[in-house]
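Report on the structure given below.
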There are 2 protein chains.
Amino acid sequence: MTGKKTIALIGGTGNEGPGLAARWAASGQYRVIIGSRQTGKAERVAAEINAKLGDNLVTGLVNEAAVEAGDIAVLTVPYSAHQATLAGLKEKLQGKILVDVTVPLAPPRVSQVKIPPGGSAGQEAQAILGPGVRVVSAFQNVGAAHLEDIDHPIDCDVLVCGDDKEAKAEAIALAEAAGTRGIDAGPLQNAVVAEGLTAVLIGINIRHKVKGAGIKITGI
Amino acid sequence: MTGKKTIALIGGTGNEGPGLAARWAASGQYRVIIGSRQTGKAERVAAEINAKLGDNLVTGLVNEAAVEAGDIAVLTVPYSAHQATLAGLKEKLQGKILVDVTVPLAPPRVSQVKIPPGGSAGQEAQAILGPGVRVVSAFQNVGAAHLEDIDHPIDCDVLVCGDDKEAKAEAIALAEAAGTRGIDAGPLQNAVVAEGLTAVLIGINIRHKVKGAGIKITGI
């Protein structure tokens, strides 16, 4: 065994999970576990990623076991499953870092910014999990199509919001390992901006007939 | 007289007003009026801009007279003066386009996103002014230092949010005339993102020891 940290992708079989998993595994810097509610689905998606990578780097586990084995948990579920998923994993997540990728989109109007009752999905995660979990909000603005094309760098920055410096540094390192640039965007309450930007970018995608509009911070 | 439209900068003697006024006047596409609560101050700032431009292009008037003479009003006041300024100019603004540049910062914590009671300053402006004024939210993310350096292009996009297409097109044209790129960022309710981004960028300025961090939309 190496000293590598293990990333557990909760709900990692969805849109963003497989691309992030492949990039982190390919970086050689992390062990990666795909989590799902169904073990079989997690194993199948992990096998697909390994086939793509040409190496046996990713494993699949049910979410609870994935979180238990992980040092850093990354949450990639639709907003409709956000609260229930976190409530179910609350005990297993204590003491860990949770990187929340969730965007509170409000279908069918997914290009209109909708602020959730707790201020942002990131703040809602922190409220559900309590102070024993260090929540960081990140990766909302990087399109799935870009993530999956693992041989290409991504022309999109990752805004990282959180109240714990060490946890933010871990998320910034994850952004770099995924081939993006991670930028400290302030406290967790600023997550509303990164989350809301996704709705703005979806609208820009529609109006410009493109798939992966993103953002870059200039002047730094 | 030409067919040029006239821009009235309400509170145009502050941080963003003079730079925007100089850029719009220098573009040759607009007549520009600096508005202020005090006529003398408006005239003084207009004279400073004209001296910088080497031409007599900008005039100074008290806010009410500026709005009356303008086709498009641009609001550049601190958030603390937002509500009172708009309430006082409500009648004069009827039938016009208002481009709201206001950012609801909450001093002293100006790098923390603070969402105002009405959802965003842009939505609050629309609520105060009523349906007879077409409110567009724009220019929140372009730093004053960049605006004032009028011979240089600005490496920052302008997110334009509004519920009226024609008014948004006018604001996008204003962005282009100022040497930036204007991007339709969706309905007025999306203004919360552009406004909140300013707090995020202030934090990035502080952490990176720079003055003018901005944003660019990629992939379009």
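Chain lettering (A, B, ...) mirrors the order of the structure tokens, residue numbering begins at 1 for each chain separately, and ligand numbering begins at 1 in order of display.
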Which residues come within 8 Å of stretch 174-181 of chain B, counting only C-alpha atoms, excluding same-chain residues fewer than 6 positions away, as an MDAnalysis selection string?
-> chainID B and resid 20 23:24 27 29 139 153:158
Let me see the file: selected residues, C-alpha atoms, as a short mmCIF file (atom, residue, chain, number, x, y, z; two decimals), in the first residue's frame.
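And here's part02.cif as it stands now:
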data_model
loop_
_atom_site.label_atom_id
_atom_site.label_comp_id
_atom_site.auth_asym_id
_atom_site.auth_seq_id
_atom_site.Cartn_x
_atom_site.Cartn_y
_atom_site.Cartn_z
CA LEU B 20 -17.25 54.02 -17.92
CA ARG B 23 -14.80 54.81 -22.43
CA TRP B 24 -18.31 55.41 -23.77
CA SER B 27 -16.08 55.21 -28.43
CA GLN B 29 -21.06 56.03 -30.13
CA PHE B 139 -20.69 45.67 -15.25
CA PRO B 153 -8.69 46.51 -23.54
CA ILE B 154 -10.19 44.85 -20.46
CA ASP B 155 -9.59 41.15 -19.83
CA CYS B 156 -12.99 40.70 -18.19
CA ASP B 157 -16.39 39.80 -19.58
CA VAL B 158 -19.55 41.64 -18.61
#
Among stretch 56-120 of chain B, which residues carry a DSSP assignment of strand (DSSP E), reported as a ChimeraX atom specification?
-> /B:58-62,72-75,97-100
Output of the above residues as a PDB file, in the first residue's frame, restricted to C-alpha atoms:
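Once written, part.pdb looks like this:
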ATOM      1  CA  VAL B  58     -18.929  64.702 -21.393  1.00  0.00           C
ATOM      2  CA  THR B  59     -21.266  67.053 -19.524  1.00  0.00           C
ATOM      3  CA  GLY B  60     -22.184  67.167 -15.847  1.00  0.00           C
ATOM      4  CA  LEU B  61     -25.698  67.601 -14.461  1.00  0.00           C
ATOM      5  CA  VAL B  62     -27.611  66.961 -11.278  1.00  0.00           C
ATOM      6  CA  ILE B  72     -30.217  54.975 -21.040  1.00  0.00           C
ATOM      7  CA  ALA B  73     -29.538  55.479 -17.342  1.00  0.00           C
ATOM      8  CA  VAL B  74     -26.615  53.704 -15.677  1.00  0.00           C
ATOM      9  CA  LEU B  75     -26.657  53.448 -11.898  1.00  0.00           C
ATOM     10  CA  ILE B  97     -33.633  51.503 -19.627  1.00  0.00           C
ATOM     11  CA  LEU B  98     -31.755  51.343 -16.333  1.00  0.00           C
ATOM     12  CA  VAL B  99     -28.433  49.503 -16.294  1.00  0.00           C
ATOM     13  CA  ASP B 100     -27.757  48.678 -12.662  1.00  0.00           C
TER      14      ASP B 100
END
Given only C-alpha atoms, how would the per-residue table for chain B near chain A read, listing every residue at most 6 Å away with its closest atom pair and distance in Å to one decimal, sorted by chain and number, as a tab-separated table?
residue	atom	partner	partner_atom	distance
B:Val113	CA	A:Asn190	CA	5.2
B:Ala185	CA	A:Val200	CA	5.6
B:Asn190	CA	A:Val113	CA	5.3
B:Val193	CA	A:Val193	CA	5.2
B:Gly196	CA	A:Val193	CA	5.9
B:Val200	CA	A:Ala185	CA	5.6
B:Gly212	CA	A:Gly219	CA	6.0
B:Ala213	CA	A:Gly219	CA	4.5
B:Gly214	CA	A:Thr218	CA	4.8
B:Ile215	CA	A:Ile217	CA	4.6
B:Lys216	CA	A:Lys216	CA	5.2
B:Ile217	CA	A:Ile215	CA	4.6
B:Thr218	CA	A:Gly214	CA	4.8
B:Gly219	CA	A:Ala213	CA	4.4
As a PyMOL selection string, which residues of stretch 20-141 of chain A does DSSP assign to helix (DSSP H, G or I)?
-> chain A and resi 20-26+39-53+63-69+79-93+121-129
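If only C-alpha atoms are the atoms counted, then among A:Leu86, A:Leu53, A:Val136, A:Val142 the closest residue to A:Ile172 is A:Val136.
The interatomic distance for the pair atom CA of A:Arg37 and atom CA of A:Asn63 works out to 5.7 Å.
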Tell me which protein, DNA and RNA residues are within 7 Å of B:Ala25, counting only C-alpha atoms, leaving out same-chain ones fewer than 4 positions away, and put them as a PDB file with N, CA and C atoms, in the first residue's frame.
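And here's part.pdb as it stands now:
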ATOM      1  N   ALA B  21     -17.751  56.385 -18.225  1.00  0.00           N
ATOM      2  CA  ALA B  21     -18.097  57.583 -19.005  1.00  0.00           C
ATOM      3  C   ALA B  21     -17.023  57.880 -20.046  1.00  0.00           C
ATOM      4  N   TYR B  30     -21.798  57.343 -28.214  1.00  0.00           N
ATOM      5  CA  TYR B  30     -22.813  57.837 -27.279  1.00  0.00           C
ATOM      6  C   TYR B  30     -22.488  59.260 -26.846  1.00  0.00           C
ATOM      7  N   ARG B  31     -23.547  60.006 -26.515  1.00  0.00           N
ATOM      8  CA  ARG B  31     -23.354  61.211 -25.716  1.00  0.00           C
ATOM      9  C   ARG B  31     -23.423  60.783 -24.251  1.00  0.00           C
ATOM     10  N   VAL B  32     -22.601  61.406 -23.421  1.00  0.00           N
ATOM     11  CA  VAL B  32     -22.464  60.946 -22.039  1.00  0.00           C
ATOM     12  C   VAL B  32     -22.652  62.094 -21.049  1.00  0.00           C
ATOM     13  N   LEU B  57     -16.442  66.137 -24.513  1.00  0.00           N
ATOM     14  CA  LEU B  57     -17.443  65.123 -24.878  1.00  0.00           C
ATOM     15  C   LEU B  57     -18.455  64.831 -23.775  1.00  0.00           C
ATOM     16  N   VAL B  58     -18.096  65.102 -22.531  1.00  0.00           N
ATOM     17  CA  VAL B  58     -18.929  64.702 -21.393  1.00  0.00           C
ATOM     18  C   VAL B  58     -19.450  65.949 -20.682  1.00  0.00           C
TER      19      VAL B  58
END
B:Glu124: which residues within 10 Å, counting only C-alpha atoms, same-chain residues fewer than 6 positions away excluded, as an mmCIF file with N, CA and C atoms, in the first residue's frame?
data_model
loop_
_atom_site.group_PDB
_atom_site.id
_atom_site.type_symbol
_atom_site.label_atom_id
_atom_site.label_comp_id
_atom_site.auth_asym_id
_atom_site.auth_seq_id
_atom_site.Cartn_x
_atom_site.Cartn_y
_atom_site.Cartn_z
ATOM 1 N N HIS B 82 -28.589 52.763 -2.808
ATOM 2 C CA HIS B 82 -29.324 52.187 -3.947
ATOM 3 C C HIS B 82 -30.812 52.512 -3.881
ATOM 4 N N GLN B 83 -31.428 52.106 -2.776
ATOM 5 C CA GLN B 83 -32.880 52.231 -2.638
ATOM 6 C C GLN B 83 -33.330 53.699 -2.683
ATOM 7 N N LEU B 86 -32.936 55.341 -6.204
ATOM 8 C CA LEU B 86 -33.939 54.888 -7.176
ATOM 9 C C LEU B 86 -35.327 55.441 -6.838
ATOM 10 N N PRO B 116 -29.012 40.228 -0.913
ATOM 11 C CA PRO B 116 -29.937 41.221 -0.337
ATOM 12 C C PRO B 116 -31.358 40.669 -0.246
ATOM 13 N N PRO B 117 -32.200 41.316 0.545
ATOM 14 C CA PRO B 117 -33.558 40.808 0.774
ATOM 15 C C PRO B 117 -34.345 40.557 -0.518
ATOM 16 N N GLY B 118 -34.141 41.386 -1.524
ATOM 17 C CA GLY B 118 -34.909 41.251 -2.772
ATOM 18 C C GLY B 118 -34.324 40.270 -3.756
ATOM 19 N N GLY B 130 -40.823 49.536 -10.793
ATOM 20 C CA GLY B 130 -42.040 49.055 -11.451
ATOM 21 C C GLY B 130 -41.806 48.680 -12.905
ATOM 22 N N VAL B 135 -35.062 47.130 -16.376
ATOM 23 C CA VAL B 135 -33.815 47.059 -15.605
ATOM 24 C C VAL B 135 -32.921 45.947 -16.155
#
Would you list the contacts of B:Val67 as a PDB file with N, CA, C and O atoms, in the first residue's frame, taking every protein, DNA or RNA residue within 8 Å and counting only C-alpha atoms, but skipping same-chain residues closer than 3 positions in sequence?
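Listing of result.pdb after writing:
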ATOM      1  N   ALA B   8     -26.917  58.520 -19.246  1.00  0.00           N
ATOM      2  CA  ALA B   8     -26.857  59.312 -18.017  1.00  0.00           C
ATOM      3  C   ALA B   8     -26.332  58.425 -16.898  1.00  0.00           C
ATOM      4  O   ALA B   8     -26.958  57.420 -16.545  1.00  0.00           O
ATOM      5  N   LEU B   9     -25.175  58.776 -16.354  1.00  0.00           N
ATOM      6  CA  LEU B   9     -24.592  57.982 -15.260  1.00  0.00           C
ATOM      7  C   LEU B   9     -25.038  58.553 -13.920  1.00  0.00           C
ATOM      8  O   LEU B   9     -24.501  59.570 -13.466  1.00  0.00           O
ATOM      9  N   ILE B  10     -26.008  57.900 -13.300  1.00  0.00           N
ATOM     10  CA  ILE B  10     -26.502  58.341 -11.992  1.00  0.00           C
ATOM     11  C   ILE B  10     -25.431  58.018 -10.941  1.00  0.00           C
ATOM     12  O   ILE B  10     -24.978  56.873 -10.842  1.00  0.00           O
ATOM     13  N   GLY B  35     -23.956  62.288 -13.863  1.00  0.00           N
ATOM     14  CA  GLY B  35     -24.927  62.804 -12.905  1.00  0.00           C
ATOM     15  C   GLY B  35     -24.378  62.740 -11.494  1.00  0.00           C
ATOM     16  O   GLY B  35     -23.557  61.877 -11.170  1.00  0.00           O
ATOM     17  N   ASN B  63     -28.409  64.667 -10.886  1.00  0.00           N
ATOM     18  CA  ASN B  63     -28.952  63.364 -11.303  1.00  0.00           C
ATOM     19  C   ASN B  63     -30.296  63.460 -12.027  1.00  0.00           C
ATOM     20  O   ASN B  63     -30.484  62.822 -13.076  1.00  0.00           O
ATOM     21  N   GLU B  64     -31.230  64.226 -11.481  1.00  0.00           N
ATOM     22  CA  GLU B  64     -32.577  64.307 -12.073  1.00  0.00           C
ATOM     23  C   GLU B  64     -32.516  64.798 -13.524  1.00  0.00           C
ATOM     24  O   GLU B  64     -33.174  64.243 -14.407  1.00  0.00           O
ATOM     25  N   GLY B  70     -31.293  61.657 -20.615  1.00  0.00           N
ATOM     26  CA  GLY B  70     -30.702  60.406 -21.075  1.00  0.00           C
ATOM     27  C   GLY B  70     -31.701  59.449 -21.713  1.00  0.00           C
ATOM     28  O   GLY B  70     -32.872  59.442 -21.356  1.00  0.00           O
ATOM     29  N   ASP B  71     -31.200  58.643 -22.640  1.00  0.00           N
ATOM     30  CA  ASP B  71     -32.011  57.533 -23.179  1.00  0.00           C
ATOM     31  C   ASP B  71     -31.805  56.288 -22.326  1.00  0.00           C
ATOM     32  O   ASP B  71     -32.704  55.485 -22.145  1.00  0.00           O
ATOM     33  N   ILE B  72     -30.582  56.124 -21.865  1.00  0.00           N
ATOM     34  CA  ILE B  72     -30.217  54.975 -21.040  1.00  0.00           C
ATOM     35  C   ILE B  72     -29.604  55.519 -19.748  1.00  0.00           C
ATOM     36  O   ILE B  72     -28.684  56.339 -19.803  1.00  0.00           O
ATOM     37  N   ALA B  73     -30.116  55.070 -18.620  1.00  0.00           N
ATOM     38  CA  ALA B  73     -29.538  55.479 -17.342  1.00  0.00           C
ATOM     39  C   ALA B  73     -28.671  54.337 -16.805  1.00  0.00           C
ATOM     40  O   ALA B  73     -29.033  53.164 -16.924  1.00  0.00           O
ATOM     41  N   LEU B  89     -35.682  58.899  -8.096  1.00  0.00           N
ATOM     42  CA  LEU B  89     -35.650  59.095  -9.557  1.00  0.00           C
ATOM     43  C   LEU B  89     -36.715  58.281 -10.280  1.00  0.00           C
ATOM     44  O   LEU B  89     -36.749  58.245 -11.515  1.00  0.00           O
ATOM     45  N   LYS B  92     -38.773  60.025 -13.094  1.00  0.00           N
ATOM     46  CA  LYS B  92     -37.925  60.431 -14.230  1.00  0.00           C
ATOM     47  C   LYS B  92     -37.457  59.222 -15.055  1.00  0.00           C
ATOM     48  O   LYS B  92     -37.136  59.355 -16.235  1.00  0.00           O
ATOM     49  N   LEU B  93     -37.366  58.065 -14.422  1.00  0.00           N
ATOM     50  CA  LEU B  93     -36.840  56.875 -15.116  1.00  0.00           C
ATOM     51  C   LEU B  93     -37.895  56.132 -15.930  1.00  0.00           C
ATOM     52  O   LEU B  93     -37.553  55.262 -16.737  1.00  0.00           O
TER      53      LEU B  93
END
